[in-house]
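What follows is the content of input_31.txt (compact mmCIF, N, CA and C atoms).
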```
# COMPACT_ATOMS: atom_id res chain seq x y z
N MET P 1 -10.50 3.85 -13.08
CA MET P 1 -9.74 2.99 -12.19
C MET P 1 -8.25 3.35 -12.29
N ALA P 2 -7.51 3.08 -11.21
CA ALA P 2 -6.09 3.41 -11.17
C ALA P 2 -5.32 2.67 -12.26
N GLY P 3 -5.74 1.46 -12.61
CA GLY P 3 -5.05 0.68 -13.62
C GLY P 3 -5.08 1.33 -14.99
N GLU P 4 -6.02 2.25 -15.21
CA GLU P 4 -6.13 2.94 -16.48
C GLU P 4 -5.17 4.13 -16.55
N LEU P 5 -4.51 4.45 -15.46
CA LEU P 5 -3.63 5.61 -15.40
C LEU P 5 -2.18 5.16 -15.46
N ASP P 6 -1.39 5.93 -16.20
CA ASP P 6 0.04 5.65 -16.26
C ASP P 6 0.69 6.16 -14.98
N PRO P 7 1.73 5.46 -14.52
CA PRO P 7 2.51 6.01 -13.41
C PRO P 7 3.06 7.37 -13.80
N ARG P 8 2.79 8.37 -12.99
CA ARG P 8 3.18 9.73 -13.34
C ARG P 8 3.76 10.51 -12.18
N PHE P 9 3.69 9.95 -10.98
CA PHE P 9 4.13 10.67 -9.80
C PHE P 9 5.45 10.16 -9.27
N GLY P 10 6.11 11.00 -8.49
CA GLY P 10 7.25 10.61 -7.70
C GLY P 10 6.81 10.47 -6.25
N TRP P 11 7.70 9.97 -5.41
CA TRP P 11 7.38 9.86 -3.98
C TRP P 11 7.27 11.26 -3.37
N PRO P 12 6.36 11.46 -2.43
CA PRO P 12 6.24 12.77 -1.79
C PRO P 12 7.26 12.99 -0.68
N LEU P 13 8.15 12.03 -0.48
CA LEU P 13 9.20 12.13 0.53
C LEU P 13 10.51 11.63 -0.09
N SER P 14 11.61 12.15 0.43
CA SER P 14 12.91 11.66 -0.02
C SER P 14 13.78 11.45 1.22
N PRO P 15 14.37 10.25 1.33
CA PRO P 15 14.38 9.15 0.38
C PRO P 15 13.03 8.42 0.36
N LYS P 16 12.95 7.40 -0.52
CA LYS P 16 11.72 6.61 -0.64
C LYS P 16 11.31 6.12 0.75
N PRO P 17 10.07 6.40 1.15
CA PRO P 17 9.61 6.03 2.50
C PRO P 17 9.07 4.61 2.58
N ALA P 18 8.95 4.12 3.81
CA ALA P 18 8.27 2.84 4.05
C ALA P 18 6.77 3.10 4.14
N VAL P 19 6.00 2.21 3.55
CA VAL P 19 4.54 2.27 3.66
C VAL P 19 4.17 1.53 4.94
N VAL P 20 3.58 2.24 5.90
CA VAL P 20 3.24 1.62 7.18
C VAL P 20 1.75 1.31 7.32
N ARG P 21 0.95 1.85 6.42
CA ARG P 21 -0.48 1.49 6.37
C ARG P 21 -0.93 1.62 4.93
N PRO P 22 -1.41 0.52 4.33
CA PRO P 22 -1.76 0.55 2.91
C PRO P 22 -3.13 1.19 2.65
N PHE P 23 -3.39 1.42 1.37
CA PHE P 23 -4.68 1.89 0.89
C PHE P 23 -5.71 0.79 1.07
N GLN P 24 -6.91 1.16 1.48
CA GLN P 24 -8.04 0.23 1.55
C GLN P 24 -9.24 0.97 1.00
N ALA P 25 -9.69 0.57 -0.19
CA ALA P 25 -10.80 1.26 -0.84
C ALA P 25 -12.02 1.27 0.08
N PRO P 26 -12.71 2.41 0.16
CA PRO P 26 -13.92 2.46 0.97
C PRO P 26 -15.01 1.59 0.35
N SER P 27 -15.87 1.06 1.21
CA SER P 27 -16.95 0.19 0.75
C SER P 27 -18.05 0.97 0.05
N GLY P 28 -18.07 2.26 0.20
CA GLY P 28 -19.06 3.14 -0.41
C GLY P 28 -18.66 4.57 -0.13
N PRO P 29 -19.47 5.54 -0.56
CA PRO P 29 -19.10 6.94 -0.38
C PRO P 29 -18.82 7.32 1.09
N TYR P 30 -19.53 6.70 2.00
CA TYR P 30 -19.35 7.02 3.42
C TYR P 30 -18.89 5.81 4.22
N GLY P 31 -18.52 4.74 3.53
CA GLY P 31 -18.13 3.51 4.19
C GLY P 31 -16.71 3.56 4.73
N PRO P 32 -16.38 2.57 5.56
CA PRO P 32 -15.03 2.53 6.12
C PRO P 32 -14.00 2.19 5.05
N GLY P 33 -12.79 2.57 5.31
CA GLY P 33 -11.68 2.31 4.41
C GLY P 33 -10.51 3.20 4.81
N HIS P 34 -9.43 3.09 4.12
CA HIS P 34 -8.28 3.96 4.33
C HIS P 34 -7.99 4.61 2.98
N ARG P 35 -8.38 5.86 2.85
CA ARG P 35 -8.41 6.56 1.56
C ARG P 35 -7.06 7.16 1.19
N GLY P 36 -6.02 6.37 1.32
CA GLY P 36 -4.67 6.79 0.98
C GLY P 36 -3.69 5.80 1.59
N VAL P 37 -2.44 6.20 1.67
CA VAL P 37 -1.42 5.38 2.32
C VAL P 37 -0.74 6.23 3.38
N ASP P 38 -0.27 5.56 4.44
CA ASP P 38 0.52 6.24 5.46
C ASP P 38 1.98 5.87 5.25
N LEU P 39 2.82 6.90 5.17
CA LEU P 39 4.24 6.73 4.92
C LEU P 39 5.02 7.15 6.16
N ALA P 40 6.01 6.34 6.56
CA ALA P 40 6.83 6.66 7.72
C ALA P 40 7.68 7.89 7.40
N VAL P 41 7.77 8.78 8.38
CA VAL P 41 8.46 10.05 8.19
C VAL P 41 8.95 10.56 9.54
N ALA P 42 9.91 11.45 9.52
CA ALA P 42 10.36 12.12 10.73
C ALA P 42 9.57 13.42 10.88
N PRO P 43 9.12 13.74 12.10
CA PRO P 43 8.43 15.04 12.27
C PRO P 43 9.32 16.17 11.76
N GLY P 44 8.73 17.10 11.03
CA GLY P 44 9.46 18.23 10.48
C GLY P 44 10.09 17.96 9.13
N GLN P 45 9.96 16.72 8.62
CA GLN P 45 10.54 16.38 7.32
C GLN P 45 9.78 17.10 6.21
N GLN P 46 10.51 17.52 5.17
CA GLN P 46 9.92 18.18 4.02
C GLN P 46 9.04 17.22 3.23
N VAL P 47 7.91 17.73 2.76
CA VAL P 47 7.01 16.98 1.88
C VAL P 47 7.13 17.60 0.49
N LEU P 48 7.16 16.74 -0.51
CA LEU P 48 7.37 17.15 -1.89
C LEU P 48 6.11 16.94 -2.72
N ALA P 49 5.86 17.82 -3.66
CA ALA P 49 4.76 17.61 -4.61
C ALA P 49 5.06 16.34 -5.40
N ALA P 50 4.08 15.45 -5.48
CA ALA P 50 4.28 14.19 -6.19
C ALA P 50 4.34 14.38 -7.70
N GLY P 51 3.78 15.48 -8.18
CA GLY P 51 3.78 15.77 -9.60
C GLY P 51 3.46 17.22 -9.83
N PRO P 52 3.55 17.69 -11.07
CA PRO P 52 3.23 19.09 -11.36
C PRO P 52 1.74 19.35 -11.19
N GLY P 53 1.44 20.55 -10.70
CA GLY P 53 0.04 20.91 -10.51
C GLY P 53 -0.09 22.27 -9.86
N VAL P 54 -1.29 22.53 -9.34
CA VAL P 54 -1.60 23.80 -8.70
C VAL P 54 -2.15 23.52 -7.30
N VAL P 55 -1.62 24.23 -6.31
CA VAL P 55 -2.11 24.09 -4.94
C VAL P 55 -3.52 24.66 -4.87
N VAL P 56 -4.49 23.82 -4.48
CA VAL P 56 -5.88 24.25 -4.40
C VAL P 56 -6.37 24.37 -2.97
N PHE P 57 -5.60 23.84 -2.02
CA PHE P 57 -5.95 23.99 -0.60
C PHE P 57 -4.67 23.91 0.22
N ALA P 58 -4.57 24.80 1.19
CA ALA P 58 -3.45 24.80 2.12
C ALA P 58 -3.97 25.40 3.42
N GLY P 59 -4.40 24.52 4.33
CA GLY P 59 -4.99 25.01 5.57
C GLY P 59 -5.40 23.87 6.47
N LEU P 60 -6.35 24.17 7.36
CA LEU P 60 -6.79 23.18 8.35
C LEU P 60 -8.08 22.49 7.92
N VAL P 61 -8.12 21.18 8.15
CA VAL P 61 -9.33 20.38 7.99
C VAL P 61 -9.47 19.60 9.30
N ALA P 62 -10.56 19.82 10.00
CA ALA P 62 -10.79 19.17 11.29
C ALA P 62 -9.61 19.38 12.24
N GLY P 63 -9.01 20.57 12.19
CA GLY P 63 -7.91 20.91 13.08
C GLY P 63 -6.54 20.40 12.66
N ARG P 64 -6.46 19.73 11.51
CA ARG P 64 -5.17 19.20 11.03
C ARG P 64 -4.74 19.92 9.75
N PRO P 65 -3.44 20.22 9.63
CA PRO P 65 -2.96 20.91 8.42
C PRO P 65 -2.91 19.99 7.20
N VAL P 66 -3.43 20.49 6.08
CA VAL P 66 -3.56 19.71 4.85
C VAL P 66 -3.12 20.56 3.66
N VAL P 67 -2.48 19.91 2.69
CA VAL P 67 -2.17 20.53 1.40
C VAL P 67 -2.79 19.65 0.33
N SER P 68 -3.49 20.27 -0.63
CA SER P 68 -4.06 19.54 -1.76
C SER P 68 -3.61 20.19 -3.06
N ILE P 69 -3.26 19.33 -4.03
CA ILE P 69 -2.75 19.79 -5.33
C ILE P 69 -3.57 19.15 -6.43
N ASP P 70 -4.06 19.97 -7.38
CA ASP P 70 -4.74 19.45 -8.56
C ASP P 70 -3.72 19.22 -9.66
N HIS P 71 -3.84 18.06 -10.34
CA HIS P 71 -2.94 17.65 -11.41
C HIS P 71 -3.75 17.42 -12.68
N ASP P 72 -3.07 17.35 -13.81
CA ASP P 72 -3.72 17.02 -15.08
C ASP P 72 -4.46 15.69 -14.95
N GLY P 73 -5.49 15.52 -15.76
CA GLY P 73 -6.23 14.27 -15.77
C GLY P 73 -7.25 14.16 -14.66
N GLY P 74 -7.55 15.27 -13.98
CA GLY P 74 -8.57 15.26 -12.93
C GLY P 74 -8.12 14.65 -11.63
N LEU P 75 -6.81 14.50 -11.43
CA LEU P 75 -6.30 13.92 -10.19
C LEU P 75 -6.01 15.01 -9.16
N ARG P 76 -6.26 14.69 -7.91
CA ARG P 76 -5.93 15.57 -6.79
C ARG P 76 -5.16 14.76 -5.76
N THR P 77 -3.97 15.24 -5.38
CA THR P 77 -3.22 14.61 -4.30
C THR P 77 -3.41 15.43 -3.03
N THR P 78 -3.43 14.72 -1.90
CA THR P 78 -3.61 15.37 -0.61
C THR P 78 -2.55 14.84 0.34
N TYR P 79 -2.00 15.75 1.15
CA TYR P 79 -0.91 15.46 2.06
C TYR P 79 -1.31 15.94 3.45
N GLU P 80 -1.23 15.04 4.45
CA GLU P 80 -1.69 15.37 5.81
C GLU P 80 -0.90 14.57 6.83
N PRO P 81 -0.58 15.08 7.98
CA PRO P 81 -0.66 16.47 8.44
C PRO P 81 0.58 17.24 7.98
N VAL P 82 0.37 18.20 7.12
CA VAL P 82 1.47 18.96 6.52
C VAL P 82 1.22 20.45 6.72
N VAL P 83 2.15 21.09 7.41
CA VAL P 83 2.10 22.54 7.56
C VAL P 83 2.59 23.12 6.24
N PRO P 84 1.71 23.84 5.51
CA PRO P 84 2.06 24.28 4.16
C PRO P 84 3.15 25.35 4.14
N SER P 85 3.96 25.29 3.07
CA SER P 85 4.94 26.34 2.80
C SER P 85 4.61 27.05 1.49
N VAL P 86 3.49 26.67 0.87
CA VAL P 86 3.05 27.27 -0.38
C VAL P 86 1.59 27.71 -0.23
N PRO P 87 1.25 28.87 -0.78
CA PRO P 87 -0.14 29.31 -0.70
C PRO P 87 -1.00 28.72 -1.83
N VAL P 88 -2.30 28.80 -1.64
CA VAL P 88 -3.24 28.39 -2.68
C VAL P 88 -2.95 29.19 -3.95
N GLY P 89 -3.04 28.51 -5.09
CA GLY P 89 -2.80 29.14 -6.38
C GLY P 89 -1.38 28.97 -6.90
N THR P 90 -0.49 28.42 -6.07
CA THR P 90 0.90 28.24 -6.47
C THR P 90 1.04 27.09 -7.46
N GLN P 91 1.73 27.33 -8.58
CA GLN P 91 2.09 26.27 -9.52
C GLN P 91 3.28 25.54 -8.92
N VAL P 92 3.18 24.22 -8.80
CA VAL P 92 4.28 23.43 -8.24
C VAL P 92 4.72 22.39 -9.25
N TRP P 93 5.94 21.92 -9.05
CA TRP P 93 6.53 20.92 -9.93
C TRP P 93 6.84 19.68 -9.13
N ARG P 94 6.97 18.57 -9.79
CA ARG P 94 7.32 17.32 -9.13
C ARG P 94 8.62 17.51 -8.34
N GLY P 95 8.57 17.13 -7.06
CA GLY P 95 9.75 17.22 -6.20
C GLY P 95 9.90 18.55 -5.49
N GLN P 96 9.01 19.50 -5.75
CA GLN P 96 9.10 20.81 -5.09
C GLN P 96 8.55 20.70 -3.66
N PRO P 97 9.25 21.25 -2.67
CA PRO P 97 8.73 21.24 -1.30
C PRO P 97 7.41 22.02 -1.20
N VAL P 98 6.43 21.43 -0.48
CA VAL P 98 5.14 22.08 -0.29
C VAL P 98 4.82 22.29 1.19
N GLY P 99 5.64 21.75 2.08
CA GLY P 99 5.41 21.91 3.51
C GLY P 99 6.23 20.92 4.31
N VAL P 100 5.94 20.86 5.61
CA VAL P 100 6.63 19.92 6.50
C VAL P 100 5.61 19.11 7.30
N VAL P 101 5.99 17.87 7.58
CA VAL P 101 5.10 16.97 8.32
C VAL P 101 5.06 17.38 9.79
N GLU P 102 3.86 17.33 10.32
CA GLU P 102 3.63 17.56 11.74
C GLU P 102 3.29 16.20 12.35
N ALA P 103 3.82 15.91 13.53
CA ALA P 103 3.51 14.65 14.20
C ALA P 103 2.03 14.64 14.60
N GLY P 104 1.48 13.42 14.76
CA GLY P 104 0.14 13.32 15.31
C GLY P 104 -0.92 12.76 14.39
N HIS P 105 -0.55 12.05 13.32
CA HIS P 105 -1.57 11.46 12.46
C HIS P 105 -2.21 10.27 13.18
N PRO P 106 -3.54 10.25 13.33
CA PRO P 106 -4.21 9.16 14.05
C PRO P 106 -3.94 7.79 13.41
N GLY P 107 -3.66 6.80 14.23
CA GLY P 107 -3.44 5.44 13.76
C GLY P 107 -2.04 5.18 13.24
N CYS P 108 -1.17 6.16 13.32
CA CYS P 108 0.20 6.00 12.82
C CYS P 108 0.97 5.09 13.77
N PRO P 109 1.54 3.98 13.27
CA PRO P 109 2.24 3.04 14.14
C PRO P 109 3.71 3.40 14.42
N VAL P 110 4.20 4.50 13.85
CA VAL P 110 5.59 4.93 14.07
C VAL P 110 5.59 6.36 14.59
N GLU P 111 6.77 6.94 14.76
CA GLU P 111 6.89 8.28 15.34
C GLU P 111 6.01 9.32 14.63
N ALA P 112 6.00 9.28 13.29
CA ALA P 112 5.17 10.21 12.51
C ALA P 112 4.85 9.58 11.17
N CYS P 113 3.73 9.97 10.60
CA CYS P 113 3.29 9.47 9.29
C CYS P 113 2.83 10.63 8.42
N LEU P 114 3.08 10.48 7.13
CA LEU P 114 2.45 11.32 6.13
C LEU P 114 1.32 10.50 5.53
N HIS P 115 0.09 11.02 5.62
CA HIS P 115 -1.03 10.39 4.92
C HIS P 115 -1.07 11.02 3.54
N TRP P 116 -0.90 10.17 2.50
CA TRP P 116 -0.89 10.64 1.12
C TRP P 116 -2.05 10.00 0.39
N GLY P 117 -2.94 10.82 -0.12
CA GLY P 117 -4.11 10.33 -0.83
C GLY P 117 -4.20 10.89 -2.23
N VAL P 118 -4.91 10.15 -3.09
CA VAL P 118 -5.16 10.57 -4.47
C VAL P 118 -6.62 10.29 -4.78
N ARG P 119 -7.27 11.25 -5.41
CA ARG P 119 -8.61 10.97 -5.91
C ARG P 119 -8.79 11.57 -7.30
N ARG P 120 -9.73 10.97 -7.99
CA ARG P 120 -10.16 11.47 -9.29
C ARG P 120 -11.65 11.71 -9.12
N GLY P 121 -12.04 12.97 -9.11
CA GLY P 121 -13.43 13.30 -8.78
C GLY P 121 -13.68 12.89 -7.34
N GLU P 122 -14.68 12.06 -7.13
CA GLU P 122 -15.00 11.58 -5.78
C GLU P 122 -14.44 10.18 -5.53
N GLU P 123 -13.75 9.61 -6.53
CA GLU P 123 -13.20 8.25 -6.41
C GLU P 123 -11.80 8.29 -5.81
N TYR P 124 -11.61 7.59 -4.70
CA TYR P 124 -10.30 7.51 -4.08
C TYR P 124 -9.50 6.40 -4.76
N LEU P 125 -8.22 6.69 -5.06
CA LEU P 125 -7.35 5.75 -5.74
C LEU P 125 -6.16 5.41 -4.85
N ASN P 126 -5.62 4.24 -5.08
CA ASN P 126 -4.39 3.86 -4.39
C ASN P 126 -3.25 4.64 -5.06
N PRO P 127 -2.52 5.48 -4.30
CA PRO P 127 -1.46 6.26 -4.95
C PRO P 127 -0.24 5.43 -5.38
N LEU P 128 -0.02 4.27 -4.79
CA LEU P 128 1.21 3.53 -5.07
C LEU P 128 1.38 3.11 -6.53
N PRO P 129 0.33 2.64 -7.23
CA PRO P 129 0.52 2.31 -8.65
C PRO P 129 0.81 3.52 -9.53
N LEU P 130 0.61 4.73 -9.00
CA LEU P 130 0.85 5.94 -9.77
C LEU P 130 2.28 6.45 -9.63
N VAL P 131 3.09 5.78 -8.78
CA VAL P 131 4.47 6.19 -8.58
C VAL P 131 5.35 5.55 -9.66
N GLN P 132 6.14 6.38 -10.32
CA GLN P 132 7.09 5.88 -11.30
C GLN P 132 8.21 5.18 -10.55
N THR P 133 8.44 3.92 -10.87
CA THR P 133 9.42 3.14 -10.12
C THR P 133 10.74 2.97 -10.86
N GLY P 134 10.81 3.36 -12.08
CA GLY P 134 12.05 3.21 -12.84
C GLY P 134 11.99 4.01 -14.11
N LEU P 135 12.98 3.87 -14.89
CA LEU P 135 13.03 4.58 -16.16
C LEU P 135 12.29 3.79 -17.23
N ALA P 136 11.61 4.50 -18.09
CA ALA P 136 10.95 3.86 -19.22
C ALA P 136 12.01 3.57 -20.29
N ILE P 137 11.94 2.41 -20.86
CA ILE P 137 12.89 2.04 -21.92
C ILE P 137 12.20 2.25 -23.25
N ARG P 138 12.85 3.04 -24.10
CA ARG P 138 12.30 3.29 -25.41
C ARG P 138 13.33 2.83 -26.45
N LEU P 139 12.87 2.08 -27.42
CA LEU P 139 13.77 1.60 -28.47
C LEU P 139 13.79 2.61 -29.61
N LYS P 140 14.96 2.86 -30.10
CA LYS P 140 15.11 3.76 -31.25
C LYS P 140 15.01 2.91 -32.52
N PRO P 141 14.50 3.49 -33.59
CA PRO P 141 14.44 2.75 -34.84
C PRO P 141 15.85 2.41 -35.33
N TRP P 142 15.96 1.22 -35.86
CA TRP P 142 17.27 0.77 -36.36
C TRP P 142 17.33 1.07 -37.86
N THR P 143 18.32 1.78 -38.25
CA THR P 143 18.45 2.16 -39.65
C THR P 143 19.66 1.51 -40.29
N GLY P 144 19.96 0.23 -39.89
CA GLY P 144 21.07 -0.59 -40.28
C GLY P 144 21.52 -0.45 -41.62
```
Please rewrite the model in this file as structure tokens.
Amino acid sequence: MAGELDPRFGWPLSPKPAVVRPFQAPSGPYGPGHRGVDLAVAPGQQVLAAGPGVVVFAGLVAGRPVVSIDHDGGLRTTYEPVVPSVPVGTQVWRGQPVGVVEAGHPGCPVEACLHWGVRRGEEYLNPLPLVQTGLAIRLKPWTG
């Protein structure tokens, strides 16, 4: 479950985008749902790797451009519709550009949307709890 995972990702867009369609877990493997979040974006805007990983797919799925990145812990992030700027096999770092958004995501209520999804194996996760929202505070030992 997503609650078992520490926040480890950054936003795939800069500045922080508005969420225009939230995650809705599917009712089953083939059931309805929204397997990610839609983020408001300008067509042609750069998309950033949410975390370090390796590009495992950069091409078309059902006629739409998609980039997928495998991360530690069995997580895979997917970005759509994104025209890739990195080939398969590329090691990427958090915040590194991986492509640009293309207009035309179905169901997008604004000019353009980035559909950002995360899965672990075949389980789709809500990506929002995985975004680091602030700095971690660590206390140093006091040696008074």
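Straight-line separation from atom N of P:Val61 to atom C of P:Arg119: 18.2 Å.
Around stretch 86-93 of chain P, within 10 Å and counting only C-alpha atoms, the residues found are Leu48, Ala49, Ala50, Gly51, Pro52, Gly53, Val54, Val55, Val56, Phe57, Ala58, Gly59, Val67, Ser68, Ile69, Asp70, His71, Val83, Pro84, Gly95, Gln96, Pro97, Val98 and Gly99 of chain P, once anything fewer than 2 positions away on its own chain is removed.
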request  = Write out as a PyMOL selection string which residues come within 8 Å of P:Asn126 when counting all atoms listed in the file, dropping same-chain ones fewer than 2 positions away.
outcome  = chain P and resi 1-2+22-25+35-37+116-119+123-124+128-131
Export N, CA and C atoms of the chosen residues as an mmCIF file, in the frame of the given file?
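For reference, selection-v8.cif as written:
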```cif
data_model
loop_
_atom_site.group_PDB
_atom_site.id
_atom_site.type_symbol
_atom_site.label_atom_id
_atom_site.label_comp_id
_atom_site.auth_asym_id
_atom_site.auth_seq_id
_atom_site.Cartn_x
_atom_site.Cartn_y
_atom_site.Cartn_z
ATOM 1 N N MET P 1 -10.500 3.850 -13.080
ATOM 2 C CA MET P 1 -9.740 2.990 -12.190
ATOM 3 C C MET P 1 -8.250 3.350 -12.290
ATOM 4 N N ALA P 2 -7.510 3.080 -11.210
ATOM 5 C CA ALA P 2 -6.090 3.410 -11.170
ATOM 6 C C ALA P 2 -5.320 2.670 -12.260
ATOM 7 N N PRO P 22 -1.410 0.520 4.330
ATOM 8 C CA PRO P 22 -1.760 0.550 2.910
ATOM 9 C C PRO P 22 -3.130 1.190 2.650
ATOM 10 N N PHE P 23 -3.390 1.420 1.370
ATOM 11 C CA PHE P 23 -4.680 1.890 0.890
ATOM 12 C C PHE P 23 -5.710 0.790 1.070
ATOM 13 N N GLN P 24 -6.910 1.160 1.480
ATOM 14 C CA GLN P 24 -8.040 0.230 1.550
ATOM 15 C C GLN P 24 -9.240 0.970 1.000
ATOM 16 N N ALA P 25 -9.690 0.570 -0.190
ATOM 17 C CA ALA P 25 -10.800 1.260 -0.840
ATOM 18 C C ALA P 25 -12.020 1.270 0.080
ATOM 19 N N ARG P 35 -8.380 5.860 2.850
ATOM 20 C CA ARG P 35 -8.410 6.560 1.560
ATOM 21 C C ARG P 35 -7.060 7.160 1.190
ATOM 22 N N GLY P 36 -6.020 6.370 1.320
ATOM 23 C CA GLY P 36 -4.670 6.790 0.980
ATOM 24 C C GLY P 36 -3.690 5.800 1.590
ATOM 25 N N VAL P 37 -2.440 6.200 1.670
ATOM 26 C CA VAL P 37 -1.420 5.380 2.320
ATOM 27 C C VAL P 37 -0.740 6.230 3.380
ATOM 28 N N TRP P 116 -0.900 10.170 2.500
ATOM 29 C CA TRP P 116 -0.890 10.640 1.120
ATOM 30 C C TRP P 116 -2.050 10.000 0.390
ATOM 31 N N GLY P 117 -2.940 10.820 -0.120
ATOM 32 C CA GLY P 117 -4.110 10.330 -0.830
ATOM 33 C C GLY P 117 -4.200 10.890 -2.230
ATOM 34 N N VAL P 118 -4.910 10.150 -3.090
ATOM 35 C CA VAL P 118 -5.160 10.570 -4.470
ATOM 36 C C VAL P 118 -6.620 10.290 -4.780
ATOM 37 N N ARG P 119 -7.270 11.250 -5.410
ATOM 38 C CA ARG P 119 -8.610 10.970 -5.910
ATOM 39 C C ARG P 119 -8.790 11.570 -7.300
ATOM 40 N N GLU P 123 -13.750 9.610 -6.530
ATOM 41 C CA GLU P 123 -13.200 8.250 -6.410
ATOM 42 C C GLU P 123 -11.800 8.290 -5.810
ATOM 43 N N TYR P 124 -11.610 7.590 -4.700
ATOM 44 C CA TYR P 124 -10.300 7.510 -4.080
ATOM 45 C C TYR P 124 -9.500 6.400 -4.760
ATOM 46 N N LEU P 128 -0.020 4.270 -4.790
ATOM 47 C CA LEU P 128 1.210 3.530 -5.070
ATOM 48 C C LEU P 128 1.380 3.110 -6.530
ATOM 49 N N PRO P 129 0.330 2.640 -7.230
ATOM 50 C CA PRO P 129 0.520 2.310 -8.650
ATOM 51 C C PRO P 129 0.810 3.520 -9.530
ATOM 52 N N LEU P 130 0.610 4.730 -9.000
ATOM 53 C CA LEU P 130 0.850 5.940 -9.770
ATOM 54 C C LEU P 130 2.280 6.450 -9.630
ATOM 55 N N VAL P 131 3.090 5.780 -8.780
ATOM 56 C CA VAL P 131 4.470 6.190 -8.580
ATOM 57 C C VAL P 131 5.350 5.550 -9.660
#
```
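Omitting stretch 107-112 of chain P and its sequence neighbours fewer than 4 positions away, and counting all atoms listed in the file, the residues within 6 Å are Leu39, Ala40, Val41, Ala42, Pro43 and Ala103 of chain P.
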Around stretch 81-84 of chain P, with edges along x, y and z and 6 Å added on all six sides, what centre and edge lengths do you get, in Å to one decimal, as JSON?
```
{"center_x": 1.2, "center_y": 20.2, "center_z": 6.3, "size_x": 15.8, "size_y": 22.3, "size_z": 16.3}
```
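Here atom CA of P:His34 is placed at a distance of 14.0 Å from atom N of P:Pro81.
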request  = Enumerate, as a ChimeraX atom specification, the complete set of residues in chain P that a backbone-based DSSP assignment places in strand (DSSP E or B).
outcome  = /P:9,19-21,24,34,37-40,46-48,53-61,64-71,75-80,82-84,91-92,97-101,113-120,123-125,131
message = Taking only N, CA and C atoms into account, name the residue in P:Glu80, P:Pro15, P:Gln46, P:Leu60 that is nearest to P:His105.
response = P:Glu80
